[in-house]
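One structure is given here, and the rest of the page talks about it.
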Amino acid sequence: MESSLSKKGNSRIEFRVSAEDKQLFEYAKTLMGYTSFSEFVRHVLTKESKAIVEEKNKILVSKRDKEIFFNALMGKEEPPNKALLGAIKYHKKIINK
């Protein structure tokens with residue numbers, strides 16, 4: 001667990017929850033060994049937020065790759081750049097040895 005001093009900021013987030021949710025959150029906080037509810041919530045929100053961003057970025061990359069692939073199939077691809085042309089030449093040179 002990180003020190004609360006190393007991550008303290010001056011921004012504040014407030015939200016309301018049911019009594020049952022609060023009881024669950026407090027219990028989880030205790031199980032995780034946090035004494036500060038704020039640190040527990042910051043930890044959980046940060047972890048989940050990073051996971052969401054990573055997953056969404058994978059989807060965006062996948063969509064971009066799919067678009068590039070289908071554009072190539074439809075003959076709408078961009079011409080290869082110098083680096084790719086060099087790699088193709090190098091590959092041919094190695095394969096034809």
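Labeling convention for the structure tokens: chains A, B, ... as they appear, residues from 1 per chain, ligands from 1 in order of appearance.
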For this session: Pick out the residues sitting within 12 Å of Lys29 (chain A), and hand them over as a ChimeraX atom specification; count only C-alpha atoms, and ignore anything fewer than 6 positions along from it in its own chain.
Result: /A:1,22-23,35-44
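Between CA of Ala72 (chain A) and CA of Leu85 (chain A) there is a distance of 16.4 Å.
Between CA of Ile13 (chain A) and CA of Lys47 (chain A) the separation is 16.4 Å.
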